[in-house]
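Next comes run.cif, with mmCIF, C-alpha atoms.
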data_my_file
#
loop_
_atom_site.label_atom_id
_atom_site.label_comp_id
_atom_site.auth_asym_id
_atom_site.auth_seq_id
_atom_site.Cartn_x
_atom_site.Cartn_y
_atom_site.Cartn_z
CA MET A 1 0.00 0.00 0.00
CA ALA A 2 1.07 3.55 -0.63
CA ASP A 3 2.38 5.85 2.08
CA LEU A 4 0.31 8.99 2.69
CA ILE A 5 2.37 12.15 3.15
CA PRO A 6 1.58 15.86 3.19
CA ILE A 7 1.09 17.02 -0.39
CA ALA A 8 3.49 19.91 0.31
CA ASP A 9 6.27 17.31 0.55
CA THR A 10 5.80 16.26 -3.09
CA ASP A 11 6.75 17.71 -6.45
CA GLN A 12 3.83 19.99 -7.36
CA ASN A 13 4.54 19.50 -11.07
CA ALA A 14 4.02 15.77 -10.55
CA VAL A 15 0.70 16.48 -8.81
CA GLU A 16 -0.44 18.66 -11.72
CA ALA A 17 0.65 16.00 -14.23
CA LEU A 18 -1.31 13.35 -12.30
CA LEU A 19 -4.41 15.56 -12.28
CA ASP A 20 -4.06 16.13 -16.04
CA THR A 21 -3.74 12.38 -16.61
CA VAL A 22 -6.77 11.53 -14.50
CA PHE A 23 -9.11 14.43 -15.32
CA GLY A 24 -7.77 15.83 -18.61
CA THR A 25 -5.95 19.03 -19.42
CA ASP A 26 -9.27 20.92 -19.61
CA ARG A 27 -10.13 20.10 -15.98
CA GLN A 28 -9.92 23.76 -14.89
CA GLN A 29 -13.16 24.41 -16.81
CA ARG A 30 -15.18 22.39 -14.31
CA THR A 31 -17.44 24.03 -11.73
CA ALA A 32 -15.38 22.61 -8.84
CA TYR A 33 -12.43 24.72 -9.99
CA ARG A 34 -14.53 27.87 -9.65
CA LEU A 35 -15.01 26.97 -5.99
CA ARG A 36 -11.21 27.01 -5.59
CA GLU A 37 -10.56 30.40 -7.17
CA ALA A 38 -8.55 32.85 -5.05
CA VAL A 39 -7.96 30.38 -2.20
CA GLY A 40 -5.16 27.94 -1.46
CA ILE A 41 -5.36 24.35 -0.35
CA ILE A 42 -5.73 23.48 3.31
CA PRO A 43 -2.29 21.94 3.98
CA PRO A 44 -3.26 19.71 6.96
CA LEU A 45 -6.01 18.16 4.78
CA SER A 46 -4.11 17.67 1.52
CA PHE A 47 -2.12 14.49 0.97
CA ALA A 48 -0.11 12.58 -1.61
CA ALA A 49 0.05 8.81 -1.92
CA VAL A 50 3.54 7.63 -2.81
CA GLU A 51 5.13 4.28 -3.45
CA GLY A 52 8.84 4.85 -3.00
CA ASP A 53 9.55 7.98 -5.04
CA LEU A 54 6.52 7.53 -7.30
CA LEU A 55 3.39 9.69 -6.85
CA VAL A 56 0.38 7.40 -7.26
CA GLY A 57 -2.40 9.54 -5.81
CA SER A 58 -3.36 12.89 -4.36
CA ILE A 59 -6.17 14.63 -2.54
CA GLN A 60 -6.58 18.33 -1.92
CA CYS A 61 -9.02 20.23 0.28
CA TRP A 62 -10.11 23.85 -0.05
CA PRO A 63 -11.86 26.43 2.17
CA VAL A 64 -15.35 27.20 0.88
CA GLU A 65 -18.51 28.57 2.43
CA LEU A 66 -22.24 28.59 2.01
CA ALA A 67 -23.45 32.17 1.77
CA ALA A 68 -26.99 31.39 2.90
CA ASP A 69 -29.95 33.35 1.64
CA SER A 70 -30.67 34.09 5.31
CA GLY A 71 -27.40 36.04 5.56
CA ASP A 72 -25.51 33.33 7.46
CA ARG A 73 -22.06 32.28 6.27
CA VAL A 74 -21.22 28.66 6.99
CA PRO A 75 -17.59 27.53 6.56
CA MET A 76 -17.17 24.22 4.76
CA ILE A 77 -14.35 22.23 3.19
CA LEU A 78 -14.36 21.19 -0.45
CA VAL A 79 -12.77 17.75 -0.80
CA GLY A 80 -11.05 17.14 -4.10
CA PRO A 81 -9.75 16.65 -6.58
CA ILE A 82 -9.00 13.08 -5.62
CA ALA A 83 -6.72 11.50 -8.21
CA VAL A 84 -5.18 8.04 -8.46
CA SER A 85 -2.80 6.93 -11.19
CA PRO A 86 -4.61 4.78 -13.77
CA LEU A 87 -1.98 2.10 -13.13
CA ARG A 88 -2.88 1.95 -9.40
CA GLN A 89 -6.67 2.32 -9.42
CA ASP A 90 -8.93 -0.16 -7.67
CA VAL A 91 -6.41 -1.04 -4.95
CA GLY A 92 -7.76 1.30 -2.25
CA ILE A 93 -5.52 4.37 -2.66
CA GLY A 94 -8.41 6.78 -3.25
CA ARG A 95 -10.32 5.34 -0.30
CA ALA A 96 -7.25 5.63 1.95
CA LEU A 97 -6.74 9.28 0.93
CA THR A 98 -10.40 10.13 1.51
CA ARG A 99 -10.52 8.33 4.86
CA ARG A 100 -7.43 10.24 6.00
CA VAL A 101 -9.05 13.58 5.13
CA ILE A 102 -12.26 12.68 6.95
CA GLU A 103 -10.36 11.48 10.03
CA VAL A 104 -8.11 14.53 10.22
CA ALA A 105 -10.93 17.01 9.49
CA GLN A 106 -13.21 15.54 12.14
CA ASN A 107 -10.42 15.64 14.74
CA SER A 108 -9.25 19.15 13.98
CA ALA A 109 -10.05 22.73 14.86
CA ILE A 110 -10.10 23.67 11.17
CA ALA A 111 -13.15 25.79 10.31
CA GLY A 112 -15.53 23.63 8.33
CA GLY A 113 -13.98 20.38 9.55
CA ASP A 114 -17.47 19.12 10.41
CA SER A 115 -18.84 20.23 7.02
CA LEU A 116 -17.19 18.40 4.13
CA MET A 117 -18.53 18.64 0.59
CA LEU A 118 -17.60 17.38 -2.86
CA ILE A 119 -18.94 16.86 -6.35
CA GLY A 120 -18.76 13.18 -7.17
CA ASP A 121 -20.33 9.78 -7.64
CA PRO A 122 -23.07 9.41 -5.02
CA ASP A 123 -22.94 5.60 -5.04
CA TYR A 124 -19.19 5.49 -4.39
CA TYR A 125 -18.94 8.32 -1.85
CA GLY A 126 -22.14 7.28 -0.12
CA ARG A 127 -21.23 3.60 0.16
CA PHE A 128 -17.66 4.02 1.36
CA PHE A 129 -17.83 7.26 3.39
CA GLY A 130 -21.44 8.29 4.07
CA PHE A 131 -21.56 11.37 1.83
CA GLY A 132 -25.07 12.24 0.64
CA ALA A 133 -27.11 14.85 -1.17
CA ASP A 134 -29.94 15.04 1.38
CA ARG A 135 -28.85 18.47 2.71
CA THR A 136 -27.50 20.06 -0.49
CA GLY A 137 -30.66 20.36 -2.57
CA GLN A 138 -30.99 24.13 -2.12
CA TRP A 139 -27.33 24.97 -2.74
CA ARG A 140 -26.26 26.95 -5.81
CA LEU A 141 -22.79 26.73 -7.38
CA PRO A 142 -20.91 29.08 -9.74
CA GLY A 143 -21.45 26.87 -12.78
CA PRO A 144 -23.28 23.81 -14.01
CA PHE A 145 -23.49 20.68 -11.88
CA GLU A 146 -25.72 17.66 -11.44
CA PRO A 147 -27.59 18.15 -8.12
CA HIS A 148 -27.45 14.44 -7.22
CA ARG A 149 -23.63 14.65 -7.39
CA LEU A 150 -23.37 17.56 -4.90
CA LEU A 151 -22.58 15.61 -1.74
CA ALA A 152 -21.86 16.49 1.88
CA LEU A 153 -20.77 14.82 5.11
CA GLY A 154 -20.66 16.05 8.70
CA ASN A 155 -22.69 17.40 11.59
CA GLY A 156 -22.22 21.02 10.52
CA ILE A 157 -23.69 20.67 7.03
CA PRO A 158 -26.27 23.44 6.58
CA MET A 159 -29.68 22.51 5.23
CA GLN A 160 -30.60 25.87 3.78
CA ALA A 161 -30.60 27.69 0.48
CA GLY A 162 -27.53 29.62 -0.54
CA HIS A 163 -24.55 30.01 -2.82
CA VAL A 164 -21.41 27.93 -2.32
CA GLY A 165 -18.17 29.71 -3.15
CA PRO A 166 -14.55 30.12 -2.12
CA ARG A 167 -13.97 31.28 1.46
CA ILE A 168 -11.85 34.29 0.55
CA GLY A 169 -9.40 35.35 3.23
CA ALA A 170 -9.73 32.06 5.08
CA THR A 171 -6.97 31.29 7.51
CA VAL A 172 -6.40 27.66 8.28
CA GLU A 173 -6.19 26.65 11.91
CA SER A 174 -3.50 24.01 12.06
CA ARG A 175 -4.08 22.68 15.57
CA LEU A 176 -5.09 19.06 15.17
CA ALA A 177 -6.45 16.80 17.85
CA GLY A 178 -5.59 13.82 15.65
CA HIS A 179 -2.61 13.18 13.46
CA ALA A 180 -2.11 14.49 9.93
CA SER A 181 0.75 12.48 8.51
CA GLY A 182 1.98 8.95 8.31
CA SER A 183 0.06 5.95 7.05
#
Please go through the file and, once you have read it, give me the structure as structure tokens.
Amino acid sequence: MADLIPIADTDQNAVEALLDTVFGTDRQQRTAYRLREAVGIIPPLSFAAVEGDLLVGSIQCWPVELAADSGDRVPMILVGPIAVSPLRQDVGIGRALTRRVIEVAQNSAIAGGDSLMLIGDPDYYGRFFGFGADRTGQWRLPGPFEPHRLLALGNGIPMQAGHVGPRIGATVESRLAGHASGS
């Protein structure tokens, strides 16, 4: 199995190349990328999967928020992209990366750690991790998306109408009750 290390400890060009391989070079056109504009990754929640010196997977997390129609602003964390080398898919690397993020987020003081969201396959993310679309039906995103693929997990997930966007100016609290590195 791959070792999970902080993504900051890897070659960022290799991460970008992996993302291009898995999602295509036009991936920045997707709605999820609009949610990441003007914010950086959350380092304690972003990991690389390596086998020796070879990058075989990555996961990144981003600070977002729901700007509710009521005026409330609810911090959340966008999980993804989650990428696994085509040569190493179906061996549990993506699941290990996602489990690590969930574990660290739920045991941290990071704003939004109890409110994870992603755009993805509801069968996969529901079956393995408990993500669901039952609270996201009134959310709006800055681009097209399939509502059944807008998924969330956590006790802090708001069930109200609003616009999801980048959490501009977010500072990441790095105190963790759990552990963020190692495998």
query = Counting all atoms listed in the file, which of A:Arg36, A:His163, A:Arg27, A:Arg127 gets nearest to A:Arg73?
reply =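 Nearest candidate to A:Arg73 out of A:Arg36, A:His163, A:Arg27, A:Arg127: A:His163.
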inquiry  = When you look at A:Ile42 with a cut-off of 8 Å (counting all atoms listed in the file), what residues show up, excluding the ones that are within fewer than 3 positions of it in the same chain? I need them as a PyMOL selection string.
reply    = chain A and resi 45-46+60-63+172
Given the selection you just returned, output its residues as a file containing C-alpha atoms, formatted as a CSV table (one decimal), in the frame of the given file.
chain,number,residue,atom,x,y,z
A,45,LEU,CA,-6.0,18.2,4.8
A,46,SER,CA,-4.1,17.7,1.5
A,60,GLN,CA,-6.6,18.3,-1.9
A,61,CYS,CA,-9.0,20.2,0.3
A,62,TRP,CA,-10.1,23.8,0.0
A,63,PRO,CA,-11.9,26.4,2.2
A,172,VAL,CA,-6.4,27.7,8.3
task = Could you tell me which of A:Gly112, A:Pro43, A:Gly165, A:Gly57 comes closest to A:Ala152 if we count only C-alpha atoms?
result = A:Gly112
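With distances restricted to all atoms listed in the file, A:Asn155 is the closest residue to A:Ala105 from A:Ile5, A:Asn155, A:Gly137, A:Tyr33.
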Residue nearest A:Ile41 among A:Ile77, A:Met1, A:Glu16, A:Leu116 (counting all atoms listed in the file) =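 Checking each candidate against A:Ile41, we get A:Ile77 as the closest.
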Identify all residues satisfying the PyMOL selection byres ((chain A and resi 140) around 8) in the given file; provide them as a PDB file with C-alpha atoms, keeping the file's coordinate frame.
ATOM      1  CA  GLN A 138     -30.990  24.130  -2.120  1.00  0.00           C
ATOM      2  CA  TRP A 139     -27.330  24.970  -2.740  1.00  0.00           C
ATOM      3  CA  LEU A 141     -22.790  26.730  -7.380  1.00  0.00           C
ATOM      4  CA  PRO A 142     -20.910  29.080  -9.740  1.00  0.00           C
ATOM      5  CA  ALA A 161     -30.600  27.690   0.480  1.00  0.00           C
ATOM      6  CA  GLY A 162     -27.530  29.620  -0.540  1.00  0.00           C
ATOM      7  CA  HIS A 163     -24.550  30.010  -2.820  1.00  0.00           C
ATOM      8  CA  VAL A 164     -21.410  27.930  -2.320  1.00  0.00           C
TER       9      VAL A 164
END
key: Selected residue, from A:Leu118, A:Glu37, A:Pro44, A:Thr98, that lies nearest to A:Val79 when counting all atoms listed in the file   =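 When distances to A:Val79 are compared using all atoms listed in the file, the smallest one comes from A:Leu118.
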